[in-house]
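Reviewing the structure listed below.
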Amino acid sequence: MSLHQAQPIYRAGEPLENARAVMLMLHGRGASAQDILSLAEELPRDGFCFLAPQAANATWYPYRFIEPLEKNEPQLTFTLHWLGGMIQQARAANIPHEKIFLLGFSQGACLALEYAARHAQKYGGIIGLSGGLIGPDGTPRDYAGSFDGTPVFLGCSDVDFHIPKERVMETRDVFARMGAEVTMRLYPNMEHTVNRDELEFVARMMERVVGSK
């Protein structure tokens with residue numbers, strides 16, 4: 001059982017039962033759900049329910065994302081399973097998978113990207129802001145399934161202390177190989193943060209989905 005199940009889920013936008021699309025927003029290590037939910041103020045809200053869960057102790061898993069996978073167990077497996085439960089809540093509200101978005105920043109981005117890779121199918125969009133797939137260099141990336149044209153956005157600094165740009169590039173290649181339409185942008189000398197260009201790109205991704213029937 002994941003410790004995160006006992007934590008609150010913060011919401012913005014449309015009530016889930018009235019929404020046409022859902023965005024799950026996963027905060028970074030040491031941050032809060034309210035932090036990442038504040039990005040919703042900069043994004044289109046028409047038709048969208050934004051759900052931002054709080055991680056127990058503000059941490060999704062204990063160690064850096066590039067550590068050996070077993071070092072982050074069992075918390076990583078529990079958390080990935082819990083995230084699947086969040087998606088099932090959206091599905092139970094009659095939101096189709098192709099109108100579910102996963103967005104994360106930093107540790108939350110790593111979690112969202114790893115979950116998506118392990119559960120590949122058509123999503124509304126996958127957004128990794130300063131993150132990459134989990135595991136040390138050389139981790140096998142033999143994920144099954146296809147993204148069937150899912151739009152994916154990866155944005156990061158080219159000198160991020162926490163996220164090596166090589167991992168962002170590897171993540172791009174893995175998702176493209178699995179059938180996603182990937183856009184990657186590396187921003188020169190940017191701090192570990194979210195910038196205006198990233199939010200504008202995400203907004204366009206969202207508008208394309210809620211505009212479709």
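So you can find residues: chains in the structure tokens are A, B, ... in the order shown, residues in each start at 1, and ligands are numbered from 1 in order.
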Next on the checklist: Excluding Pro188 of chain A and its own-chain neighbours fewer than 2 positions away, which residues fall within 10 Å of it when counting only C-alpha atoms? Please give them as number ranges by chain.
Outcome noted: A: 156-160, 185-186, 190-191
Go ahead and write the selection's residues with C-alpha atoms as an mmCIF file, in the first residue's frame.
```
data_model
loop_
_atom_site.group_PDB
_atom_site.id
_atom_site.type_symbol
_atom_site.label_atom_id
_atom_site.label_comp_id
_atom_site.auth_asym_id
_atom_site.auth_seq_id
_atom_site.Cartn_x
_atom_site.Cartn_y
_atom_site.Cartn_z
ATOM 1 C CA CYS A 156 14.681 20.883 -19.370
ATOM 2 C CA SER A 157 17.741 23.032 -18.888
ATOM 3 C CA ASP A 158 20.813 21.877 -20.764
ATOM 4 C CA VAL A 159 22.812 22.226 -17.527
ATOM 5 C CA ASP A 160 20.324 20.994 -14.917
ATOM 6 C CA ARG A 185 13.414 21.442 -25.814
ATOM 7 C CA LEU A 186 16.668 21.997 -23.948
ATOM 8 C CA MET A 190 18.032 27.616 -17.422
ATOM 9 C CA GLU A 191 17.640 27.001 -13.713
#
```
Item to check | Contacts of Pro44 of chain A at 9 Å (only C-alpha atoms; same-chain gap of 4+ positions) as a list in words | outcome: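 Residues meeting the cut-off are Ala40, Phe48, Ala203, Arg204, Met206 and Glu207 of chain A.
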Checklist entry - Got a sec: who's within 8 Å of segment 33-35 of chain A, counting only C-alpha atoms, leaving out chain neighbours fewer than 5 positions off, as number ranges by chain? => result A: 9-10, 25-27, 52-55
Checklist entry - Hey, what's within 9 Å of segment 60-66 of chain A if we count only C-alpha atoms and toss same-chain stuff fewer than 4 positions away? As a list in words, please? => result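 Residues meeting the cut-off are His4, His27, Gly28, Arg29, Ala55, Ala56, Lys71, Asn72, Glu73, Pro74, Gln75, Leu76, Thr79, Gln107, Gly108, Cys110, Leu111, Gly131, Gly132, Leu133, Ile134, Gly135, Pro136, Asp137, His162 and Ile163 of chain A.
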Could the residues in this selection be saved with N, CA and C atoms as a PDB file, in the first residue's frame?
```pdb
ATOM      1  N   HIS A   4       0.999   7.430  -0.075  1.00  0.00           N
ATOM      2  CA  HIS A   4       0.381   8.596  -0.708  1.00  0.00           C
ATOM      3  C   HIS A   4      -1.143   8.529  -0.668  1.00  0.00           C
ATOM      4  N   HIS A  27       4.051  16.888  -8.342  1.00  0.00           N
ATOM      5  CA  HIS A  27       5.047  17.872  -7.897  1.00  0.00           C
ATOM      6  C   HIS A  27       6.431  17.246  -7.730  1.00  0.00           C
ATOM      7  N   GLY A  28       7.416  18.106  -7.528  1.00  0.00           N
ATOM      8  CA  GLY A  28       8.782  17.665  -7.330  1.00  0.00           C
ATOM      9  C   GLY A  28       9.086  17.334  -5.881  1.00  0.00           C
ATOM     10  N   ARG A  29      10.264  16.751  -5.674  1.00  0.00           N
ATOM     11  CA  ARG A  29      10.701  16.394  -4.327  1.00  0.00           C
ATOM     12  C   ARG A  29      10.770  17.633  -3.439  1.00  0.00           C
ATOM     13  N   ALA A  55       2.365  14.091  -2.225  1.00  0.00           N
ATOM     14  CA  ALA A  55       3.177  12.930  -1.848  1.00  0.00           C
ATOM     15  C   ALA A  55       3.391  12.910  -0.341  1.00  0.00           C
ATOM     16  N   ALA A  56       3.400  11.732   0.232  1.00  0.00           N
ATOM     17  CA  ALA A  56       3.747  11.594   1.647  1.00  0.00           C
ATOM     18  C   ALA A  56       5.161  12.097   1.866  1.00  0.00           C
ATOM     19  N   LYS A  71      17.240   0.439  -5.237  1.00  0.00           N
ATOM     20  CA  LYS A  71      17.440   1.356  -4.104  1.00  0.00           C
ATOM     21  C   LYS A  71      16.177   2.145  -3.790  1.00  0.00           C
ATOM     22  N   ASN A  72      15.335   2.369  -4.803  1.00  0.00           N
ATOM     23  CA  ASN A  72      14.089   3.123  -4.600  1.00  0.00           C
ATOM     24  C   ASN A  72      12.887   2.218  -4.334  1.00  0.00           C
ATOM     25  N   GLU A  73      13.145   0.926  -4.192  1.00  0.00           N
ATOM     26  CA  GLU A  73      12.066  -0.007  -3.879  1.00  0.00           C
ATOM     27  C   GLU A  73      11.949  -0.214  -2.373  1.00  0.00           C
ATOM     28  N   PRO A  74      10.729  -0.580  -1.870  1.00  0.00           N
ATOM     29  CA  PRO A  74       9.518  -0.851  -2.652  1.00  0.00           C
ATOM     30  C   PRO A  74       8.696   0.402  -2.970  1.00  0.00           C
ATOM     31  N   GLN A  75       9.189   1.564  -2.532  1.00  0.00           N
ATOM     32  CA  GLN A  75       8.370   2.770  -2.680  1.00  0.00           C
ATOM     33  C   GLN A  75       8.033   3.073  -4.137  1.00  0.00           C
ATOM     34  N   LEU A  76       8.996   2.841  -5.044  1.00  0.00           N
ATOM     35  CA  LEU A  76       8.740   3.160  -6.448  1.00  0.00           C
ATOM     36  C   LEU A  76       7.603   2.311  -6.998  1.00  0.00           C
ATOM     37  N   THR A  79       4.316   3.415  -5.556  1.00  0.00           N
ATOM     38  CA  THR A  79       3.884   4.712  -6.072  1.00  0.00           C
ATOM     39  C   THR A  79       3.374   4.601  -7.501  1.00  0.00           C
ATOM     40  N   GLN A 107      11.084  15.363  -9.812  1.00  0.00           N
ATOM     41  CA  GLN A 107      10.806  13.987  -9.409  1.00  0.00           C
ATOM     42  C   GLN A 107       9.425  13.542  -9.901  1.00  0.00           C
ATOM     43  N   GLY A 108       8.473  14.460  -9.901  1.00  0.00           N
ATOM     44  CA  GLY A 108       7.149  14.143 -10.430  1.00  0.00           C
ATOM     45  C   GLY A 108       7.176  13.860 -11.918  1.00  0.00           C
ATOM     46  N   CYS A 110       9.781  12.532 -13.532  1.00  0.00           N
ATOM     47  CA  CYS A 110      10.378  11.203 -13.656  1.00  0.00           C
ATOM     48  C   CYS A 110       9.327  10.123 -13.396  1.00  0.00           C
ATOM     49  N   LEU A 111       8.502  10.333 -12.383  1.00  0.00           N
ATOM     50  CA  LEU A 111       7.456   9.375 -12.054  1.00  0.00           C
ATOM     51  C   LEU A 111       6.440   9.265 -13.188  1.00  0.00           C
ATOM     52  N   GLY A 131      12.727  16.283 -16.226  1.00  0.00           N
ATOM     53  CA  GLY A 131      12.709  14.908 -15.753  1.00  0.00           C
ATOM     54  C   GLY A 131      13.094  13.939 -16.858  1.00  0.00           C
ATOM     55  N   GLY A 132      13.208  12.659 -16.484  1.00  0.00           N
ATOM     56  CA  GLY A 132      13.544  11.619 -17.445  1.00  0.00           C
ATOM     57  C   GLY A 132      13.175  10.263 -16.881  1.00  0.00           C
ATOM     58  N   LEU A 133      13.331   9.222 -17.677  1.00  0.00           N
ATOM     59  CA  LEU A 133      13.045   7.870 -17.231  1.00  0.00           C
ATOM     60  C   LEU A 133      13.935   7.481 -16.070  1.00  0.00           C
ATOM     61  N   ILE A 134      13.416   6.628 -15.202  1.00  0.00           N
ATOM     62  CA  ILE A 134      14.064   6.290 -13.932  1.00  0.00           C
ATOM     63  C   ILE A 134      15.041   5.131 -14.102  1.00  0.00           C
ATOM     64  N   GLY A 135      16.128   5.186 -13.347  1.00  0.00           N
ATOM     65  CA  GLY A 135      17.114   4.115 -13.341  1.00  0.00           C
ATOM     66  C   GLY A 135      18.492   4.623 -13.745  1.00  0.00           C
ATOM     67  N   PRO A 136      19.546   3.866 -13.451  1.00  0.00           N
ATOM     68  CA  PRO A 136      20.904   4.297 -13.801  1.00  0.00           C
ATOM     69  C   PRO A 136      21.168   4.196 -15.295  1.00  0.00           C
ATOM     70  N   ASP A 137      22.262   4.771 -15.731  1.00  0.00           N
ATOM     71  CA  ASP A 137      22.675   4.625 -17.124  1.00  0.00           C
ATOM     72  C   ASP A 137      22.771   3.141 -17.464  1.00  0.00           C
ATOM     73  N   HIS A 162      20.225  18.374 -11.492  1.00  0.00           N
ATOM     74  CA  HIS A 162      19.474  17.188 -11.080  1.00  0.00           C
ATOM     75  C   HIS A 162      19.179  16.234 -12.232  1.00  0.00           C
ATOM     76  N   ILE A 163      19.052  16.785 -13.442  1.00  0.00           N
ATOM     77  CA  ILE A 163      18.580  16.005 -14.593  1.00  0.00           C
ATOM     78  C   ILE A 163      19.606  16.114 -15.724  1.00  0.00           C
TER      79      ILE A 163
END
```
Checklist entry - From the set A:Gln5, A:Thr139, A:Ser146, A:Ser106, which residue has the shortest atom-to-atom contact distance to Tyr123 of chain A, counting only C-alpha atoms? => result A:Ser146
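In terms of minimum interatomic distance to Arg45 of chain A, A:Val22 ranks closest within A:Val168, A:Ala116, A:Ala109, A:Val22, counting only C-alpha atoms.
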Next on the checklist: Counting only C-alpha atoms, which residue out of A:Gly211, A:Pro151, A:Glu200, A:Leu113 sits closest to Arg167 of chain A?
Outcome noted: A:Leu113
Report the closest atom pair, with its distance in Å rounded to one decimal, for each residue of segment 83-144 of chain A that has an atom no farther than 10 Å from segment 177-181 of chain A; count only C-alpha atoms, sort by chain and then rising residue number, and write it as CSV.
```
residue,atom,partner,partner_atom,distance
A:Ala117,CA,A:Met178,CA,8.5
A:Ala120,CA,A:Met178,CA,7.9
A:Gln121,CA,A:Gly179,CA,9.3
A:Lys122,CA,A:Ala180,CA,8.7
A:Tyr123,CA,A:Ala180,CA,9.6
A:Gly125,CA,A:Ala180,CA,9.5
A:Ile126,CA,A:Ala180,CA,9.4
A:Asp142,CA,A:Met178,CA,9.8
A:Tyr143,CA,A:Met178,CA,8.2
A:Ala144,CA,A:Met178,CA,8.1
```
Next on the checklist: DSSP on the backbone: which residues in segment 36-155 of chain A end up as alpha helix (DSSP H)? Give the answer as an MDAnalysis selection string.
Outcome noted: chainID A and resid 36:37 75:92 107:118
Next, write the just-selected residues to a file, as a tab-separated table (two decimals), in the first residue's frame, keeping N, CA and C atoms as the atom set.
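Saved to part_8.tsv:
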```
chain	number	residue	atom	x	y	z
A	36	ILE	N	2.47	22.79	-7.72
A	36	ILE	CA	2.31	22.41	-9.13
A	36	ILE	C	0.91	22.76	-9.62
A	37	LEU	N	-0.07	22.72	-8.74
A	37	LEU	CA	-1.43	23.08	-9.16
A	37	LEU	C	-1.50	24.55	-9.58
A	75	GLN	N	9.19	1.56	-2.53
A	75	GLN	CA	8.37	2.77	-2.68
A	75	GLN	C	8.03	3.07	-4.14
A	76	LEU	N	9.00	2.84	-5.04
A	76	LEU	CA	8.74	3.16	-6.45
A	76	LEU	C	7.60	2.31	-7.00
A	77	THR	N	7.64	1.02	-6.76
A	77	THR	CA	6.58	0.15	-7.26
A	77	THR	C	5.23	0.52	-6.65
A	78	PHE	N	5.21	0.78	-5.35
A	78	PHE	CA	3.96	1.17	-4.70
A	78	PHE	C	3.41	2.47	-5.30
A	79	THR	N	4.32	3.42	-5.56
A	79	THR	CA	3.88	4.71	-6.07
A	79	THR	C	3.37	4.60	-7.50
A	80	LEU	N	4.04	3.80	-8.32
A	80	LEU	CA	3.56	3.59	-9.68
A	80	LEU	C	2.18	2.93	-9.67
A	81	HIS	N	1.97	1.99	-8.77
A	81	HIS	CA	0.66	1.35	-8.67
A	81	HIS	C	-0.40	2.35	-8.21
A	82	TRP	N	-0.02	3.20	-7.27
A	82	TRP	CA	-0.95	4.24	-6.78
A	82	TRP	C	-1.31	5.20	-7.90
A	83	LEU	N	-0.33	5.57	-8.73
A	83	LEU	CA	-0.62	6.47	-9.85
A	83	LEU	C	-1.60	5.82	-10.83
A	84	GLY	N	-1.45	4.52	-11.02
A	84	GLY	CA	-2.42	3.81	-11.84
A	84	GLY	C	-3.82	3.91	-11.28
A	85	GLY	N	-3.93	3.89	-9.96
A	85	GLY	CA	-5.23	4.06	-9.33
A	85	GLY	C	-5.82	5.43	-9.57
A	86	MET	N	-4.97	6.46	-9.60
A	86	MET	CA	-5.45	7.80	-9.92
A	86	MET	C	-6.02	7.85	-11.33
A	87	ILE	N	-5.36	7.20	-12.25
A	87	ILE	CA	-5.85	7.17	-13.63
A	87	ILE	C	-7.17	6.43	-13.71
A	88	GLN	N	-7.30	5.38	-12.94
A	88	GLN	CA	-8.56	4.64	-12.94
A	88	GLN	C	-9.71	5.48	-12.39
A	89	GLN	N	-9.41	6.38	-11.46
A	89	GLN	CA	-10.46	7.30	-10.98
A	89	GLN	C	-10.98	8.17	-12.13
A	90	ALA	N	-10.05	8.64	-12.95
A	90	ALA	CA	-10.46	9.44	-14.11
A	90	ALA	C	-11.26	8.59	-15.09
A	91	ARG	N	-10.82	7.37	-15.32
A	91	ARG	CA	-11.55	6.49	-16.23
A	91	ARG	C	-12.95	6.19	-15.70
A	92	ALA	N	-13.06	6.04	-14.37
A	92	ALA	CA	-14.37	5.77	-13.77
A	92	ALA	C	-15.32	6.94	-13.93
A	107	GLN	N	11.08	15.36	-9.81
A	107	GLN	CA	10.81	13.99	-9.41
A	107	GLN	C	9.43	13.54	-9.90
A	108	GLY	N	8.47	14.46	-9.90
A	108	GLY	CA	7.15	14.14	-10.43
A	108	GLY	C	7.18	13.86	-11.92
A	109	ALA	N	8.05	14.55	-12.66
A	109	ALA	CA	8.19	14.27	-14.10
A	109	ALA	C	8.78	12.89	-14.32
A	110	CYS	N	9.78	12.53	-13.53
A	110	CYS	CA	10.38	11.20	-13.66
A	110	CYS	C	9.33	10.12	-13.40
A	111	LEU	N	8.50	10.33	-12.38
A	111	LEU	CA	7.46	9.38	-12.05
A	111	LEU	C	6.44	9.27	-13.19
A	112	ALA	N	5.98	10.39	-13.70
A	112	ALA	CA	5.00	10.39	-14.79
A	112	ALA	C	5.55	9.70	-16.03
A	113	LEU	N	6.79	9.99	-16.38
A	113	LEU	CA	7.39	9.40	-17.57
A	113	LEU	C	7.59	7.90	-17.41
A	114	GLU	N	8.05	7.48	-16.24
A	114	GLU	CA	8.26	6.05	-16.01
A	114	GLU	C	6.93	5.29	-16.02
A	115	TYR	N	5.91	5.88	-15.39
A	115	TYR	CA	4.59	5.23	-15.42
A	115	TYR	C	4.10	5.09	-16.86
A	116	ALA	N	4.18	6.16	-17.62
A	116	ALA	CA	3.69	6.13	-18.99
A	116	ALA	C	4.44	5.08	-19.81
A	117	ALA	N	5.75	5.02	-19.67
A	117	ALA	CA	6.54	4.05	-20.44
A	117	ALA	C	6.13	2.62	-20.09
A	118	ARG	N	5.82	2.38	-18.82
A	118	ARG	CA	5.43	1.03	-18.40
A	118	ARG	C	3.98	0.72	-18.73
```
Taking only segment 73-193 of chain A into account, list the residues labelled strand (DSSP E) by DSSP (computed from the backbone), as a PDB file with C-alpha atoms, in the first residue's frame.
```
ATOM      1  CA  ILE A 100      -5.935  11.994 -19.777  1.00  0.00           C
ATOM      2  CA  PHE A 101      -2.749  14.032 -19.400  1.00  0.00           C
ATOM      3  CA  LEU A 102       0.206  13.267 -17.149  1.00  0.00           C
ATOM      4  CA  LEU A 103       2.300  16.281 -16.172  1.00  0.00           C
ATOM      5  CA  GLY A 104       5.152  16.294 -13.704  1.00  0.00           C
ATOM      6  CA  PHE A 105       8.026  18.491 -12.621  1.00  0.00           C
ATOM      7  CA  GLY A 125      -0.481  14.075 -23.536  1.00  0.00           C
ATOM      8  CA  ILE A 126       2.577  13.354 -21.415  1.00  0.00           C
ATOM      9  CA  ILE A 127       4.594  16.282 -20.122  1.00  0.00           C
ATOM     10  CA  GLY A 128       7.958  15.850 -18.420  1.00  0.00           C
ATOM     11  CA  LEU A 129       9.254  19.176 -17.102  1.00  0.00           C
ATOM     12  CA  PRO A 151       1.973  13.921 -27.940  1.00  0.00           C
ATOM     13  CA  VAL A 152       4.886  14.079 -25.496  1.00  0.00           C
ATOM     14  CA  PHE A 153       6.710  17.210 -24.389  1.00  0.00           C
ATOM     15  CA  LEU A 154      10.090  17.136 -22.644  1.00  0.00           C
ATOM     16  CA  GLY A 155      11.514  20.424 -21.432  1.00  0.00           C
ATOM     17  CA  CYS A 156      14.681  20.883 -19.370  1.00  0.00           C
ATOM     18  CA  SER A 157      17.741  23.032 -18.888  1.00  0.00           C
ATOM     19  CA  GLU A 181       5.097  12.281 -31.147  1.00  0.00           C
ATOM     20  CA  VAL A 182       7.871  13.779 -29.047  1.00  0.00           C
ATOM     21  CA  THR A 183       8.946  17.394 -28.766  1.00  0.00           C
ATOM     22  CA  MET A 184      12.083  18.010 -26.686  1.00  0.00           C
ATOM     23  CA  ARG A 185      13.414  21.442 -25.814  1.00  0.00           C
ATOM     24  CA  LEU A 186      16.668  21.997 -23.948  1.00  0.00           C
ATOM     25  CA  TYR A 187      16.938  25.576 -22.680  1.00  0.00           C
TER      26      TYR A 187
END
```
Item to check | Atom-to-atom span, atom CA of Glu42 of chain A and atom CA of Arg196 of chain A, Å | outcome: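 Atom CA of Arg196 of chain A lies 9.1 Å from atom CA of Glu42 of chain A.
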Checklist entry - Suppose you want the space between atom CA of Asn18 of chain A and atom CA of Val202 of chain A; what is it in Å? => result 21.7 Å
Checklist entry - Which is closer to Glu67 of chain A than all the others in A:Ala19, A:Glu41, A:Thr193, A:Gly138, using only C-alpha atoms? => result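 When distances to Glu67 of chain A are compared using only C-alpha atoms, the smallest one comes from A:Gly138.
Comparing the minimum interatomic distances between Phe50 of chain A and each of A:Ser32, A:Ala21, A:Glu70, A:Pro164, counting only C-alpha atoms, we find that A:Ala21 sits nearest.
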Next on the checklist: Can you measure atom CA of Asp197 of chain A to atom CA of Phe161 of chain A for me? One decimal in Å is fine.
Outcome noted: 20.5 Å
